[in-house]
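To be precise, the following lines are query_6.cif, and they hold mmCIF, C-alpha atoms.
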data_target
#
loop_
_atom_site.label_atom_id
_atom_site.label_comp_id
_atom_site.auth_asym_id
_atom_site.auth_seq_id
_atom_site.Cartn_x
_atom_site.Cartn_y
_atom_site.Cartn_z
CA MET A 4 -14.83 50.64 -15.25
CA ALA A 5 -12.56 50.62 -18.33
CA GLN A 6 -9.79 49.10 -16.22
CA LYS A 7 -12.13 46.29 -15.04
CA SER A 8 -13.15 45.52 -18.65
CA ASN A 9 -9.49 45.49 -19.69
CA LYS A 10 -8.68 42.98 -16.93
CA SER A 11 -11.55 40.76 -18.03
CA SER A 12 -10.33 40.85 -21.65
CA LEU A 13 -6.83 39.91 -20.56
CA PHE A 14 -8.15 36.96 -18.57
CA LEU A 15 -10.23 35.89 -21.58
CA ILE A 16 -7.20 36.03 -23.90
CA GLU A 17 -5.17 34.04 -21.40
CA LEU A 18 -7.95 31.47 -21.13
CA ILE A 19 -8.23 31.16 -24.92
CA VAL A 20 -4.46 30.70 -25.29
CA GLY A 21 -4.58 28.10 -22.52
CA LEU A 22 -7.48 26.36 -24.20
CA LEU A 23 -5.63 26.25 -27.54
CA PHE A 24 -2.55 24.79 -25.87
CA PHE A 25 -4.69 22.28 -24.02
CA SER A 26 -6.50 21.30 -27.26
CA LEU A 27 -3.17 20.54 -28.94
CA CYS A 28 -1.95 18.51 -25.95
CA SER A 29 -5.22 16.59 -25.61
CA ALA A 30 -5.25 15.80 -29.35
CA VAL A 31 -1.76 14.27 -29.01
CA CYS A 32 -2.82 12.41 -25.84
CA VAL A 33 -5.97 10.96 -27.44
CA GLN A 34 -3.88 9.80 -30.41
CA LEU A 35 -1.48 8.07 -28.02
CA PHE A 36 -4.36 6.46 -26.14
CA ALA A 37 -5.84 5.18 -29.40
CA ARG A 38 -2.45 3.78 -30.43
CA ALA A 39 -2.02 2.12 -27.01
CA HIS A 40 -5.46 0.53 -27.35
CA LEU A 41 -4.57 -0.76 -30.82
CA ILE A 42 -1.27 -2.19 -29.58
CA LYS A 43 -3.14 -3.92 -26.73
CA GLU A 44 -5.61 -5.47 -29.19
CA ASN A 45 -2.79 -6.62 -31.49
CA THR A 46 -0.88 -8.10 -28.56
CA ALA A 47 -3.96 -10.00 -27.38
CA GLN A 48 -4.41 -11.36 -30.91
CA LEU A 49 -0.72 -12.30 -31.13
CA ASN A 50 -0.89 -14.13 -27.78
CA LYS A 51 -3.91 -16.02 -29.03
CA ALA A 52 -2.08 -16.85 -32.26
CA ILE A 53 0.99 -18.13 -30.36
CA THR A 54 -1.08 -20.32 -28.02
CA PHE A 55 -3.18 -21.75 -30.83
CA SER A 56 -0.23 -22.36 -33.16
CA GLN A 57 1.70 -24.10 -30.38
CA SER A 58 -1.30 -26.32 -29.65
CA VAL A 59 -1.52 -27.29 -33.32
CA ALA A 60 2.24 -27.99 -33.29
CA GLU A 61 1.77 -30.27 -30.27
CA ILE A 62 -1.05 -32.15 -32.04
CA PHE A 63 1.19 -32.49 -35.11
CA ARG A 64 3.97 -33.94 -32.94
CA SER A 65 1.72 -36.33 -31.05
CA ALA A 66 0.28 -37.56 -34.34
CA GLY A 67 3.81 -38.26 -35.57
CA GLY A 68 3.49 -35.74 -38.38
CA SER A 69 0.38 -37.33 -39.84
CA SER A 70 -1.72 -34.77 -41.70
CA GLU A 71 -4.77 -37.06 -41.59
CA ALA A 72 -4.62 -37.22 -37.79
CA LEU A 73 -4.26 -33.44 -37.65
CA VAL A 74 -7.36 -32.98 -39.83
CA SER A 75 -9.34 -35.32 -37.60
CA TYR A 76 -8.35 -33.29 -34.49
CA LEU A 77 -9.15 -29.91 -36.00
CA ASP A 78 -12.90 -29.98 -36.40
CA GLY A 79 -13.81 -28.44 -39.77
CA ALA A 80 -10.30 -28.46 -41.21
CA VAL A 81 -9.88 -29.04 -44.94
CA GLN A 82 -6.90 -30.80 -46.47
CA ASN A 83 -5.69 -29.60 -49.85
CA ASP A 84 -2.68 -31.60 -51.06
CA GLN A 85 0.15 -30.64 -48.63
CA GLU A 86 -1.87 -27.86 -47.01
CA ILE A 87 -4.37 -28.04 -44.18
CA LEU A 88 -6.70 -25.06 -43.89
CA PHE A 89 -8.58 -24.33 -40.71
CA ALA A 90 -10.74 -21.40 -39.60
CA PRO A 91 -11.21 -21.58 -35.80
CA GLU A 92 -12.91 -18.17 -35.66
CA GLU A 93 -14.23 -15.47 -37.92
CA ASN A 94 -11.36 -13.48 -39.54
CA VAL A 95 -8.88 -16.15 -38.46
CA ARG A 96 -7.27 -18.62 -40.84
CA LEU A 97 -4.71 -21.22 -39.93
CA THR A 98 -2.61 -22.91 -42.61
CA VAL A 99 -0.47 -25.94 -41.89
CA THR A 100 1.88 -26.71 -44.75
CA ILE A 101 3.74 -30.02 -44.71
CA THR A 102 7.12 -28.95 -46.07
CA ASN A 103 9.00 -32.23 -45.82
CA ARG A 104 8.13 -35.79 -44.97
CA SER A 105 10.52 -38.72 -44.77
CA GLU A 106 10.51 -42.04 -42.95
CA ASN A 107 11.41 -40.58 -39.54
CA LEU A 108 10.92 -36.86 -39.98
CA ALA A 109 8.01 -34.60 -40.81
CA ASN A 110 8.33 -30.83 -41.08
CA ALA A 111 5.47 -28.38 -41.19
CA LYS A 112 4.96 -24.65 -41.24
CA ILE A 113 2.04 -23.26 -39.25
CA GLN A 114 0.80 -19.86 -40.35
CA TYR A 115 -1.79 -17.89 -38.38
CA GLU A 116 -3.60 -15.16 -40.30
CA TYR A 117 -5.88 -12.52 -38.84
CA ASP A 118 -7.95 -10.36 -41.22
CA GLY A 119 -5.92 -11.76 -44.12
CA VAL A 120 -2.59 -10.71 -42.58
CA SER A 121 -0.10 -13.29 -41.35
CA ILE A 122 0.71 -12.44 -37.70
CA TYR A 123 2.55 -15.55 -36.56
CA GLU A 124 4.50 -18.38 -38.14
CA LEU A 125 5.82 -21.50 -36.49
CA ASP A 126 8.07 -24.22 -37.91
CA VAL A 127 7.60 -27.62 -36.34
CA THR A 128 9.48 -30.87 -36.77
CA SER A 129 8.20 -34.23 -35.67
CA TYR A 130 10.74 -37.00 -35.30
CA ASN A 131 9.42 -40.52 -35.02
CA GLY A 132 12.72 -42.25 -34.23
CA SER A 133 14.31 -42.89 -30.84
CA SER A 134 16.83 -40.02 -30.88
CA SER A 135 16.76 -37.43 -28.11
CA LEU A 136 16.75 -34.73 -30.79
CA ALA A 137 13.04 -35.28 -31.00
CA HIS A 138 11.36 -31.99 -31.82
CA THR A 139 12.30 -28.45 -32.55
CA ASP A 140 10.20 -25.46 -33.26
CA ASN A 141 10.97 -21.89 -34.04
CA GLY A 142 8.21 -19.35 -33.68
CA GLU A 143 8.37 -16.05 -35.51
CA GLU A 144 6.26 -13.02 -35.04
CA GLN A 145 5.40 -11.49 -38.37
CA PRO A 146 6.13 -7.77 -38.86
CA MET B 281 -24.74 44.10 -19.03
CA ARG B 282 -21.67 43.67 -21.30
CA ILE B 283 -19.52 42.93 -18.28
CA ARG B 284 -21.96 40.27 -17.15
CA SER B 285 -22.00 38.55 -20.56
CA ASP B 286 -18.16 38.71 -20.67
CA PHE B 287 -18.04 37.03 -17.28
CA LEU B 288 -20.53 34.36 -18.35
CA PHE B 289 -18.56 33.63 -21.54
CA THR B 290 -15.32 33.36 -19.61
CA LEU B 291 -16.94 31.11 -17.03
CA THR B 292 -18.41 28.85 -19.74
CA LEU B 293 -15.02 28.64 -21.44
CA PHE B 294 -13.39 27.73 -18.15
CA LEU B 295 -16.01 25.04 -17.52
CA VAL B 296 -15.45 23.60 -21.01
CA LEU B 297 -11.71 23.51 -20.32
CA ALA B 298 -12.25 21.80 -16.98
CA PHE B 299 -14.66 19.24 -18.50
CA CYS B 300 -12.33 18.46 -21.41
CA SER B 301 -9.30 18.02 -19.15
CA LEU B 302 -11.31 15.68 -16.92
CA ALA B 303 -12.45 13.71 -19.99
CA VAL B 304 -8.85 13.30 -21.24
CA VAL B 305 -7.70 12.10 -17.81
CA LEU B 306 -10.62 9.63 -17.61
CA ILE B 307 -9.93 8.26 -21.12
CA GLY B 308 -6.26 7.84 -20.20
CA ALA B 309 -7.12 6.07 -16.96
CA ASP B 310 -9.53 3.74 -18.76
CA VAL B 311 -6.94 2.83 -21.43
CA TYR B 312 -4.28 2.26 -18.76
CA GLN B 313 -6.61 0.10 -16.65
CA SER B 314 -7.69 -2.08 -19.57
CA THR B 315 -4.04 -2.51 -20.65
CA VAL B 316 -2.96 -3.51 -17.13
CA ASN B 317 -5.90 -5.96 -16.85
CA ALA B 318 -5.05 -7.55 -20.20
CA MET B 319 -1.38 -7.85 -19.22
CA GLU B 320 -2.26 -9.41 -15.88
CA GLU B 321 -4.67 -11.92 -17.40
CA ASN B 322 -2.17 -12.83 -20.08
CA TYR B 323 0.68 -13.17 -17.56
CA SER B 324 -1.37 -15.34 -15.19
CA SER B 325 -2.77 -17.68 -17.84
CA ARG B 326 0.56 -18.08 -19.62
CA THR B 327 2.43 -18.64 -16.37
CA ALA B 328 -0.03 -21.33 -15.26
CA LEU B 329 0.07 -23.07 -18.64
CA ALA B 330 3.86 -22.80 -18.97
CA TYR B 331 4.26 -24.20 -15.43
CA VAL B 332 2.06 -27.22 -16.09
CA THR B 333 3.57 -27.81 -19.54
CA GLU B 334 7.09 -27.71 -18.11
CA LYS B 335 6.14 -30.13 -15.33
CA ILE B 336 4.72 -32.57 -17.88
CA ARG B 337 7.89 -32.34 -19.99
CA GLN B 338 10.13 -32.86 -16.93
CA ASN B 339 8.26 -36.06 -16.07
CA ASP B 340 7.91 -37.35 -19.61
CA ARG B 341 9.01 -40.93 -18.94
CA GLU B 342 7.23 -44.28 -18.87
CA GLY B 343 4.41 -44.06 -16.32
CA GLY B 344 5.53 -40.58 -15.24
CA VAL B 345 2.47 -38.59 -16.29
CA SER B 346 -1.17 -39.46 -15.62
CA VAL B 347 -4.48 -37.65 -15.16
CA GLU B 348 -7.20 -38.53 -12.66
CA ASN B 349 -10.35 -36.41 -12.30
CA SER B 350 -8.71 -33.28 -13.74
CA VAL B 351 -5.72 -33.70 -11.41
CA LEU B 352 -2.30 -34.01 -13.00
CA CYS B 353 -0.28 -36.75 -11.31
CA LEU B 354 3.48 -36.88 -11.86
CA THR B 355 5.26 -39.94 -10.50
CA ARG B 356 8.96 -40.20 -9.85
CA ALA B 357 11.18 -42.69 -8.01
CA TYR B 358 13.92 -41.63 -5.59
CA SER B 359 16.08 -44.21 -3.80
CA GLU B 360 13.67 -47.03 -4.55
CA ALA B 361 10.72 -45.05 -3.14
CA SER B 362 8.02 -43.64 -5.35
CA TYR B 363 6.83 -40.04 -4.97
CA SER B 364 3.79 -38.46 -6.57
CA THR B 365 3.32 -34.79 -7.36
CA TYR B 366 -0.26 -33.65 -7.81
CA ILE B 367 -1.19 -30.42 -9.60
CA TYR B 368 -4.84 -29.41 -9.24
CA ALA B 369 -7.28 -26.52 -8.82
CA TYR B 370 -8.80 -25.91 -5.40
CA ASP B 371 -10.37 -22.91 -3.69
CA GLY B 372 -9.56 -20.49 -6.55
CA TYR B 373 -5.89 -21.45 -6.75
CA LEU B 374 -3.63 -23.83 -8.61
CA TRP B 375 -1.97 -26.12 -6.06
CA GLU B 376 0.97 -28.49 -6.07
CA LEU B 377 1.52 -31.28 -3.58
CA THR B 378 4.28 -33.90 -3.44
CA ILE B 379 3.68 -36.97 -1.28
CA ARG B 380 5.20 -40.40 -0.94
CA GLY B 381 3.74 -43.30 -2.87
CA GLU B 382 -0.01 -43.70 -2.89
CA GLU B 383 -0.71 -41.88 0.37
CA THR B 384 -4.01 -40.05 0.58
CA TYR B 385 -4.04 -36.27 0.70
CA GLN B 386 -6.28 -33.31 1.41
CA PRO B 387 -6.42 -30.60 -1.30
CA GLY B 388 -5.55 -27.84 1.17
CA GLU B 389 -2.27 -29.53 2.19
CA GLY B 390 -0.47 -28.48 -0.95
CA GLN B 391 1.31 -25.29 -1.93
CA LYS B 392 -0.47 -22.46 -3.72
CA ILE B 393 1.05 -21.72 -7.11
CA LEU B 394 -1.18 -19.15 -8.77
CA GLU B 395 -4.69 -17.72 -8.56
CA VAL B 396 -6.93 -19.33 -11.19
CA ALA B 397 -10.72 -19.24 -11.58
CA ASP B 398 -10.72 -22.68 -13.19
CA PHE B 399 -8.17 -25.28 -14.22
CA SER B 400 -8.54 -28.71 -15.75
CA ILE B 401 -6.42 -31.23 -17.59
CA THR B 402 -7.64 -34.08 -19.75
CA GLN B 403 -5.83 -36.84 -21.55
CA VAL B 404 -6.92 -36.72 -25.19
CA THR B 405 -4.81 -39.62 -26.44
CA ASP B 406 -1.89 -41.67 -25.05
CA HIS B 407 0.53 -38.91 -26.04
CA LEU B 408 -1.63 -35.79 -25.92
CA TYR B 409 -3.00 -33.74 -22.99
CA GLU B 410 -5.30 -30.74 -23.04
CA VAL B 411 -4.75 -28.11 -20.35
CA PHE B 412 -7.43 -25.51 -19.69
CA THR B 413 -7.26 -22.40 -17.52
CA ARG B 414 -9.69 -19.59 -16.81
CA ILE B 415 -8.37 -16.44 -15.22
CA HIS B 416 -11.04 -13.76 -14.66
CA ASP B 417 -12.86 -13.99 -18.01
CA GLN B 418 -10.00 -15.22 -20.14
CA GLU B 419 -10.17 -18.89 -21.08
CA THR B 420 -7.04 -20.49 -22.54
CA ARG B 421 -6.52 -24.01 -23.80
CA VAL B 422 -3.24 -25.61 -24.83
CA MET B 423 -2.27 -29.05 -25.98
CA VAL B 424 0.84 -30.79 -24.67
CA SER B 425 2.33 -33.84 -26.33
CA THR B 426 4.50 -36.43 -24.60
CA GLN B 427 6.98 -38.96 -25.94
CA CYS B 428 6.38 -41.78 -23.47
CA ASP B 429 3.23 -43.62 -22.46
#
Could you render the structure as structure tokens?
Amino acid sequence: MAQKSNKSSLFLIELIVGLLFFSLCSAVCVQLFARAHLIKENTAQLNKAITFSQSVAEIFRSAGGSSEALVSYLDGAVQNDQEILFAPEENVRLTVTITNRSENLANAKIQYEYDGVSIYELDVTSYNGSSSLAHTDNGEEQP
Amino acid sequence: MRIRSDFLFTLTLFLVLAFCSLAVVLIGADVYQSTVNAMEENYSSRTALAYVTEKIRQNDREGGVSVENSVLCLTRAYSEASYSTYIYAYDGYLWELTIRGEETYQPGEGQKILEVADFSITQVTDHLYEVFTRIHDQETRVMVSTQCD
């Protein structure tokens, strides 16, 4: 009888040790899952930011660098001196800053902010002449 | 009696362990599935949009790009003959078809490019096109500017 009880206690101790080890492993796993979910959400937001910023850059180019034309395309956009502010969604703010404007060239910086944090920036140049070096852009993911 | 309660406690503990391990595996599977779905949707929509955008840029010459009833028409001349490439949505796919001149065509005669739930293209201004795709539930819109009319 005592031997049977001893066996049961040993199995219980083994189970408790196993459970402790499992708890530690599952805590690490759940943390990793949560981090993976967060990365997925951030990536989706970044993809959205890239697509939207590129669309705004294309509008800027087609309008020949005209900030007035850009404001008329972006419904609800507000122009403040050299800056155009636009909020396409809640928590999202897009800022287009005209950095340089000459007879044939117009440069702008497009900044996409989510929850007050800049997640993507894009430099766009619109050239209104006849050169083949028409447009360049250089997108940068913000750290 | 003590032996019975020991056995019950051990069994309960084992069941808790089994339930928790199952829950962790299910959470992991759910996270993995949602990540794969998001990646697939993103890949498909970006590929479709990049493909159409690139095609527009390749044919950005006078009279090279036009839109008729949400069908992108790209016209090019080879050895004094004119060829038209049509890019359109039909039967849940994005299709491409190149035919000579103004010949008529059936939508199913083209080549399947990518699976899309919906695709449309509209000309906003002389130099600006709006391309729209819907893949599963993800809707994406991009603007494409051209240099020539």
| task | Might you pull out every residue within 9 Å of stretch 350-367 of chain B, with all atoms listed in the file counted and same-chain residues fewer than 5 positions away left off, and present them as a PyMOL selection string? | result | chain B and resi 332+335-336+339-340+343-345+374-383+390+399-402
| query | On this structure, which residues satisfy the PyMOL selection byres ((chain A) within 7 of (chain B)), written as a ChimeraX atom specification? | reply | /A:8,15,22,29,36,40,43,54,58,61-62,64-65
| How many Å separate atom CA of B:Gln418 from atom CA of A:Ser75? |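 Rounded to one decimal, the two atoms are 26.6 Å apart.
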6 Å per side around stretch 27-39 of chain A: axis-aligned box centre and edge lengths, as JSON:
{"center_x": -3.7, "center_y": 11.3, "center_z": -28.0, "size_x": 16.5, "size_y": 30.4, "size_z": 16.8}
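Counting from atom CA of A:Gln114, the distance to atom CA of B:Thr327 is 24.1 Å.
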| Separation of atom CA of B:Ser285 from atom CA of A:Cys28, in Å and rounded to one decimal |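 According to the coordinates, atom CA of B:Ser285 and atom CA of A:Cys28 are separated by 28.9 Å.
For the point (-1.7, -31.2, -46.2) in file coordinates, the residues within 8 Å, using all atoms listed in the file, are Ser70, Gln82, Asn83, Asp84, Gln85, Glu86, Ile87, Val99, Thr100 and Ile101 of chain A.
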Please produce a file of the residues just selected, as a PDB file, keeping the file's coordinate frame, where the atoms kept are C-alpha atoms.
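Result file out-v5.pdb:
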ATOM      1  CA  SER A  70      -1.720 -34.770 -41.700  1.00  0.00           C
ATOM      2  CA  GLN A  82      -6.900 -30.800 -46.470  1.00  0.00           C
ATOM      3  CA  ASN A  83      -5.690 -29.600 -49.850  1.00  0.00           C
ATOM      4  CA  ASP A  84      -2.680 -31.600 -51.060  1.00  0.00           C
ATOM      5  CA  GLN A  85       0.150 -30.640 -48.630  1.00  0.00           C
ATOM      6  CA  GLU A  86      -1.870 -27.860 -47.010  1.00  0.00           C
ATOM      7  CA  ILE A  87      -4.370 -28.040 -44.180  1.00  0.00           C
ATOM      8  CA  VAL A  99      -0.470 -25.940 -41.890  1.00  0.00           C
ATOM      9  CA  THR A 100       1.880 -26.710 -44.750  1.00  0.00           C
ATOM     10  CA  ILE A 101       3.740 -30.020 -44.710  1.00  0.00           C
TER      11      ILE A 101
END
| Who sits within 8 Å of B:Ser324, all atoms listed in the file, same chain under 3 positions skipped, as an NGL selection string | :B and (320-321 or 327-328 or 394-396 or 415)
| request: Find the residues with any atom within 9 Å of (-10.0, -12.2, -41.7); use all atoms listed in the file and the coordinates as given in the file, and write the answer as a PyMOL selection string. | output: chain A and resi 92-96+116-120
To verify the selection step, state as a PDB file with C-alpha atoms, keeping the file's coordinate frame which residues the PyMOL selection byres ((chain A and resi 107) around 8) yields on this input.
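File result04.pdb, as written:
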ATOM      1  CA  ARG A 104       8.130 -35.790 -44.970  1.00  0.00           C
ATOM      2  CA  SER A 105      10.520 -38.720 -44.770  1.00  0.00           C
ATOM      3  CA  GLU A 106      10.510 -42.040 -42.950  1.00  0.00           C
ATOM      4  CA  LEU A 108      10.920 -36.860 -39.980  1.00  0.00           C
ATOM      5  CA  ALA A 109       8.010 -34.600 -40.810  1.00  0.00           C
ATOM      6  CA  TYR A 130      10.740 -37.000 -35.300  1.00  0.00           C
ATOM      7  CA  ASN A 131       9.420 -40.520 -35.020  1.00  0.00           C
ATOM      8  CA  GLY A 132      12.720 -42.250 -34.230  1.00  0.00           C
TER       9      GLY A 132
END
| task | For the file shown, report as a ChimeraX atom specification the outcome of the PyMOL selection byres ((chain A and resi 49) around 10) at residue level. | result | /A:43-48,50-55,115,117,122-123,144-145
If you keep C-alpha atoms, can you produce a file of those selected residues as a compact mmCIF listing (two decimals), in the frame of the given file?
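Result file follows (part00.txt):
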# COMPACT_ATOMS: atom_id res chain seq x y z
CA LYS A 43 -3.14 -3.92 -26.73
CA GLU A 44 -5.61 -5.47 -29.19
CA ASN A 45 -2.79 -6.62 -31.49
CA THR A 46 -0.88 -8.10 -28.56
CA ALA A 47 -3.96 -10.00 -27.38
CA GLN A 48 -4.41 -11.36 -30.91
CA ASN A 50 -0.89 -14.13 -27.78
CA LYS A 51 -3.91 -16.02 -29.03
CA ALA A 52 -2.08 -16.85 -32.26
CA ILE A 53 0.99 -18.13 -30.36
CA THR A 54 -1.08 -20.32 -28.02
CA PHE A 55 -3.18 -21.75 -30.83
CA TYR A 115 -1.79 -17.89 -38.38
CA TYR A 117 -5.88 -12.52 -38.84
CA ILE A 122 0.71 -12.44 -37.70
CA TYR A 123 2.55 -15.55 -36.56
CA GLU A 144 6.26 -13.02 -35.04
CA GLN A 145 5.40 -11.49 -38.37
| field | Option closest in space to A:Val59, from A:Ile42, A:Leu35, A:Leu88, A:Ala30 [counting all atoms listed in the file] | value |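 Counting all atoms listed in the file, the residue closest to A:Val59 is A:Leu88.
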Can you save stretch 336-358 of chain B of the given block to a file, including N, CA and C atoms and formatted as a tab-separated table (two decimals), in the first residue's frame?
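After the write, part_8.tsv holds the following:
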chain	number	residue	atom	x	y	z
B	336	ILE	N	1.38	50.09	-67.90
B	336	ILE	CA	1.03	51.47	-68.29
B	336	ILE	C	2.31	52.26	-68.59
B	337	ARG	N	3.30	52.11	-67.72
B	337	ARG	CA	4.56	52.85	-67.90
B	337	ARG	C	5.28	52.42	-69.19
B	338	GLN	N	5.23	51.12	-69.49
B	338	GLN	CA	5.88	50.62	-70.72
B	338	GLN	C	5.25	51.23	-71.97
B	339	ASN	N	3.94	51.47	-71.90
B	339	ASN	CA	3.21	51.97	-73.08
B	339	ASN	C	2.90	53.45	-72.99
B	340	ASP	N	3.65	54.16	-72.15
B	340	ASP	CA	3.40	55.58	-71.96
B	340	ASP	C	3.94	56.37	-73.16
B	341	ARG	N	3.18	56.37	-74.22
B	341	ARG	CA	3.52	57.16	-75.42
B	341	ARG	C	2.20	57.68	-75.98
B	342	GLU	N	2.29	58.58	-76.95
B	342	GLU	CA	1.08	59.22	-77.47
B	342	GLU	C	0.09	58.18	-78.01
B	343	GLY	N	-1.08	58.15	-77.43
B	343	GLY	CA	-2.13	57.21	-77.86
B	343	GLY	C	-1.88	55.78	-77.42
B	344	GLY	N	-0.92	55.55	-76.57
B	344	GLY	CA	-0.55	54.18	-76.16
B	344	GLY	C	-1.43	53.60	-75.07
B	345	VAL	N	-1.99	54.46	-74.23
B	345	VAL	CA	-2.79	53.97	-73.09
B	345	VAL	C	-4.20	54.54	-73.18
B	346	SER	N	-5.20	53.68	-73.06
B	346	SER	CA	-6.59	54.16	-73.00
B	346	SER	C	-7.40	53.20	-72.14
B	347	VAL	N	-8.56	53.68	-71.70
B	347	VAL	CA	-9.43	52.86	-70.84
B	347	VAL	C	-10.83	52.86	-71.43
B	348	GLU	N	-11.40	51.67	-71.60
B	348	GLU	CA	-12.78	51.55	-72.09
B	348	GLU	C	-13.52	50.56	-71.20
B	349	ASN	N	-14.56	51.00	-70.56
B	349	ASN	CA	-15.39	50.14	-69.69
B	349	ASN	C	-14.56	49.31	-68.71
B	350	SER	N	-13.68	49.97	-67.98
B	350	SER	CA	-12.82	49.31	-66.99
B	350	SER	C	-11.84	48.31	-67.59
B	351	VAL	N	-11.61	48.41	-68.89
B	351	VAL	CA	-10.61	47.56	-69.55
B	351	VAL	C	-9.45	48.45	-69.98
B	352	LEU	N	-8.24	48.05	-69.58
B	352	LEU	CA	-7.06	48.83	-69.96
B	352	LEU	C	-6.63	48.39	-71.35
B	353	CYS	N	-6.50	49.34	-72.25
B	353	CYS	CA	-6.13	49.04	-73.63
B	353	CYS	C	-4.77	49.69	-73.93
B	354	LEU	N	-3.81	48.88	-74.29
B	354	LEU	CA	-2.46	49.37	-74.59
B	354	LEU	C	-2.19	49.13	-76.07
B	355	THR	N	-1.91	50.17	-76.80
B	355	THR	CA	-1.75	50.05	-78.25
B	355	THR	C	-0.29	50.26	-78.64
B	356	ARG	N	0.17	49.42	-79.53
B	356	ARG	CA	1.56	49.50	-79.97
B	356	ARG	C	1.64	49.13	-81.44
B	357	ALA	N	2.57	49.74	-82.17
B	357	ALA	CA	2.71	49.43	-83.60
B	357	ALA	C	3.99	48.63	-83.84
B	358	TYR	N	3.83	47.53	-84.59
B	358	TYR	CA	4.99	46.73	-85.00
B	358	TYR	C	4.94	46.57	-86.51
